[in-house]
Each structure stands twice: as C-alpha cells, then as structure tokens.
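Okay, so here's the structure we're looking at.
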Amino acid sequence: MPPLHILWRDEHLVAVYKPAGWLVHRTGLDAGETRFVMQTLRDQLGQHVYPVHRLDKGTCGVLVMALHSDAARALSQAFEHGATHKRYLAMVRGWAPRAIEVDHALKPDDAPADAAVQEAHTRFRRLAQLTLDEASDVRFATTRASLVEAIPTTGRRHQIRRHLKHLAHPILGDATHGKGPLNRWWAERLGQQRLWLHAWQLTVPHPVSGVATTFDSGLPWPGLAGWGAGKTTAEDTNASPSADWQRLFERLPWEETPGTPGAP
C-alpha cells in the first residue's frame with residue numbers, strides 16, 4: 001500500500017491528502033475495500049490516529065486526523081458546532097450559475113419517509129466552464145461542463161452532491177446523484193471513472209491553541225494563462241497526489257469565469 005501524502009503534522013494532529021477511492025476507515029457497507037486512510041496512516045506514523053470528520057470514498061483532498069484523544073475531542077466538537085470552514089472543487093454537468101446559494105433542507109440518505117428534514121446550506125461559484133463540440137446527449141449538439149467552488153456552511157451527508165443535483169448540475173462521476181450515461185461518456189473521454197469532487201481547503205481551530213489553522217490540498221489553480229498550457233511536466237504532474245485534477249485542467253479547453261480570484 002503506498003504511503004499517504006502528509007500535508008501538515010504536529011504532535012496533536014495530522015492533515016493528509018486522501019486519494020479518491022479510499023475509505024476513511026473500515027465499514028461493513030463496503031466489505032470488499034482494502035484501502036483505508038486510518039489503518040494506513042496508523043502504520044505509516046507508528047501511532048494511533050483518531051478520525052474527526054470524513055470524506056466520501058470517491059472524494060479526494062484534505063483530511064484531518066487527531067493524534068491523541070484530547071485533540072480528537074476538541075476537533076470533533078469544532079466540526080459538530082460548525083467552527084470549521086470547508087472549500088471544495090467540483091466538476092459538474094452544464095454551465096452552473098456564476099454564483100448561487102442553496103438553502104435546501106435534506107433528510108439523511110437512509111432516513112424513513114417520515115423523518116424530519118435538516119437545515120442544509122451551501123454557497124456555489126462557477127470558476128471555469130467549457131463547451132465540447134461533441135454530443136453526450138442526442139438532444140444537444142454540444143457538451144458543457146463547469147468547475148464549481150462549493151462552500152458548505154452545514155455538514156449534512158452528501159450535502160454538496162445533493163445540492164448540485166437540486167440545481168440540475170450533478171457532479172460528473174456521481175453514481176448516486178448523477179446521470180449514468182453522462183458519467184460513462186465522460187469516463188470514456190477522460191480514461192478514468194471517478195467522482196470529480198475535491199476537498200480543496202479546510203480551516204479548523206487548532207485543538208490546543210484554538211488558532212484558526214488552514215490546510216490546503218496543494219492542487220494549483222492554473223490561472224488565466226494556464227489552461228491547457230501544460231506548464232507542469234508529465235513527471236511533475238504524475239508525482240503529485242492531485243495528478244488527475246491537474247491533467248483535467250491541462251487537457252480540456254477550460255475558460256476561466258471572469259472575475260475569478262483563483263485558488264486558495
């Protein structure tokens with residue numbers, strides 16, 4: 001099993017880059033999986049680690065774990081009480097709105113029909129868009145997609161995925177909330193089947209000092225001159241944990257949305 005890429009570490013917590021396709025920890029819901037962040041990181045560091053939040057199996061990017069029980073308690077409370085700030089990147093169907101807030105309550109995915117809904121709020125902003133002169137759907141002559149920044153202010157399960165479905169701009173590669181034929185069309189062209197959702201940045205209060213601490217995935221934003229320019233060498237790109245996203249930036253004809261300030 002390859003070692004995980006460590007983004008930041010002190011004696012209280014560690015931030016790692018979670019690859020797409022890895023589970024945070026073992027679960028009976030995916031008994032056939034063999035790649036777990038918690039067990040791999042424990043063996044890599046030679047000490048116990050404590051999960052304090054989670055990312056979906058298909059999502060890559062910043063994941064924080066505590067290194068002792070007191071830190072775990074403090075971090076878990078920060079997530080529970082909304083004292084964190086999360087920033088995601090998603091590739092979605094169509095041209096998403098330039099900026100929109102979704103205030104759309106959600107039930108847990110597996111809740112009974114009479115379960116109460118829970119408040120859920122996400123801010124979205126389109127960062128770039130493209131149009132391909134190929135039809136992924138017989139109803140349209142071209143295919144459109146967007147890169148969207150998502151900032152959830154509540155922490156419901158699958159919130160970003162479900163809110164983008166609510167907007168009719170599902171995340172490409174989302175087998176649960178997206179469109180199967182479109183997902184397969186894109187997988188053939190990209191040579192990769194995955195959920196195109198990336199945990200780009202996470203800010204948490206440090207469990208000891210309380211100081212807001214930001215962890216970045218390291219995914220570089222190309223900027224106005226960088227789309228498709230191949231600024232990084234193949235060797236550099238392949239060595240990066242976010243290589244699939246960098247190839248996505250470089251190989252497709254993206255146009256940055258005017259006024260986009262870029263990556264963190």
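If you're wondering about the labels, chains in the structure tokens are A, B, ... by order shown, residues count from 1 in each chain, ligands from 1 in order shown.
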
**Report entry** Spatial neighbours of Thr203 (chain A), max dist 12 Å, only C-alpha atoms, sep filter under 3 positions, as number ranges by chain
**Finding:** A: 15, 62-64, 75, 78-79, 82-87, 151, 199-200, 206-207, 210-217, 264

Requested in this report: Would you mind listing what lies within 9 Å of Leu4 (chain A) as number ranges by chain, with only C-alpha atoms counted and same-chain residues fewer than 6 positions away left out?
Outcome: A: 16-19, 37, 40-41, 44, 241

Go ahead and save the residues from that selection, with N, CA, C and O atoms, as a compact mmCIF listing (two decimals), in the first residue's frame.
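Once written, selection.txt looks like this:
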```txt
# COMPACT_ATOMS: atom_id res chain seq x y z
N VAL A 16 -3.70 14.98 5.88
CA VAL A 16 -3.20 14.16 4.77
C VAL A 16 -4.04 14.43 3.53
O VAL A 16 -5.14 14.96 3.59
N TYR A 17 -3.49 14.01 2.39
CA TYR A 17 -4.24 14.02 1.14
C TYR A 17 -4.90 12.66 0.98
O TYR A 17 -4.21 11.65 0.81
N LYS A 18 -6.22 12.63 1.08
CA LYS A 18 -6.94 11.37 0.90
C LYS A 18 -7.14 11.12 -0.59
O LYS A 18 -7.76 11.93 -1.28
N PRO A 19 -6.66 9.99 -1.11
CA PRO A 19 -6.87 9.71 -2.53
C PRO A 19 -8.32 9.31 -2.79
O PRO A 19 -9.01 8.77 -1.91
N VAL A 37 -7.70 4.96 5.05
CA VAL A 37 -6.79 6.00 5.50
C VAL A 37 -6.35 5.76 6.94
O VAL A 37 -5.16 5.87 7.26
N THR A 40 -3.81 2.81 7.26
CA THR A 40 -2.56 3.11 6.56
C THR A 40 -1.78 4.19 7.28
O THR A 40 -0.55 4.07 7.45
N LEU A 41 -2.46 5.22 7.75
CA LEU A 41 -1.77 6.31 8.44
C LEU A 41 -1.23 5.85 9.78
O LEU A 41 -0.12 6.24 10.18
N GLN A 44 1.86 4.04 9.00
CA GLN A 44 2.85 4.95 8.45
C GLN A 44 3.50 5.80 9.54
O GLN A 44 4.72 6.02 9.54
N PRO A 241 -0.12 14.16 -5.74
CA PRO A 241 -1.31 13.39 -5.36
C PRO A 241 -2.56 13.85 -6.08
O PRO A 241 -3.52 13.10 -6.20
```

Query raised in the report: Neighbours of Ala168 (chain A) within 10 Å (only C-alpha atoms; same-chain residues fewer than 2 positions away dropped), as a PyMOL selection string?
Result: chain A and resi 92-94+96+162-166+170-171+178

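One finds CA of Pro2 (chain A) at 25.4 Å from CA of Ala72 (chain A).
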
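With CA of Arg123 (chain A) on one side and CA of Glu250 (chain A) on the other, the separation reads 26.3 Å.
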
Report task. Please return as a PyMOL selection string: the residues of region 174-256 of chain A that backbone DSSP assigns to alpha helix (DSSP H). Result -> chain A and resi 180-190+234-239+243-251

Report task. Excluding Ala116 (chain A) and any residue of its chain fewer than 3 positions from it, enumerate the residues within 12 Å of it, using only C-alpha atoms, and give them as a list in words. Result -> Ala105, Leu106, Lys107, Pro108, Asp109, Ala111, Pro112, Ala113 and Glu119 of chain A

Requested in this report: Could you check which of A:Arg144, A:Lys57, A:Arg247, A:His158 is closest to Trp22 (chain A), using only C-alpha atoms?
Outcome: A:Lys57

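For region 145-201 of chain A, the set of residues given strand (DSSP E) by DSSP on the backbone reads Ala145, Ser146, Leu147, Val148, Glu149, Ala150, Ile151, Pro152, Leu197, His198, Ala199, Trp200 and Gln201 of chain A.
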
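Relative to CA of Asp133 (chain A), CA of Glu256 (chain A) is found at 18.3 Å.
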
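Counting only C-alpha atoms, His121 (chain A) has the following residues at most 10 Å away, ignoring those fewer than 5 positions along the same chain: Glu101, Val102, Asp103, His104, Ala105, Leu106, Ile151, Pro152, Thr153, Thr154, Gly155, Arg156, Gln159, Ile160 and His163 of chain A.
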
Report task. Skip Leu67 (chain A) itself and residues of its chain fewer than 3 positions away, then list as a list in words all residues within 10 Å of it, counting only C-alpha atoms. Result -> Arg9, Asp10, Glu11, His12, Leu13, Val14, Arg42, Leu45, Gln47, His48, Val49, Tyr50, Pro51, Val64, Asp70, Ala71 and Ala72 of chain A

Report task. Extract, using only C-alpha atoms, all DNA, RNA and protein residues at most 8 Å from region 190-197 of chain A, discarding same-chain residues fewer than 5 positions from it, and format them as number ranges by chain. Result -> A: 20-21, 58-60, 88-92, 171-175, 183-184, 248

Report task. Find the residue from A:Gln129, A:Ser136, A:Thr143, A:Ser242 that sits nearest to Glu255 (chain A); use only C-alpha atoms when measuring. Result -> A:Gln129

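Closest approach to Leu23 (chain A) among A:Leu55, A:Gly46, A:Trp8, A:Thr131 is made by A:Leu55 (distances from only C-alpha atoms).
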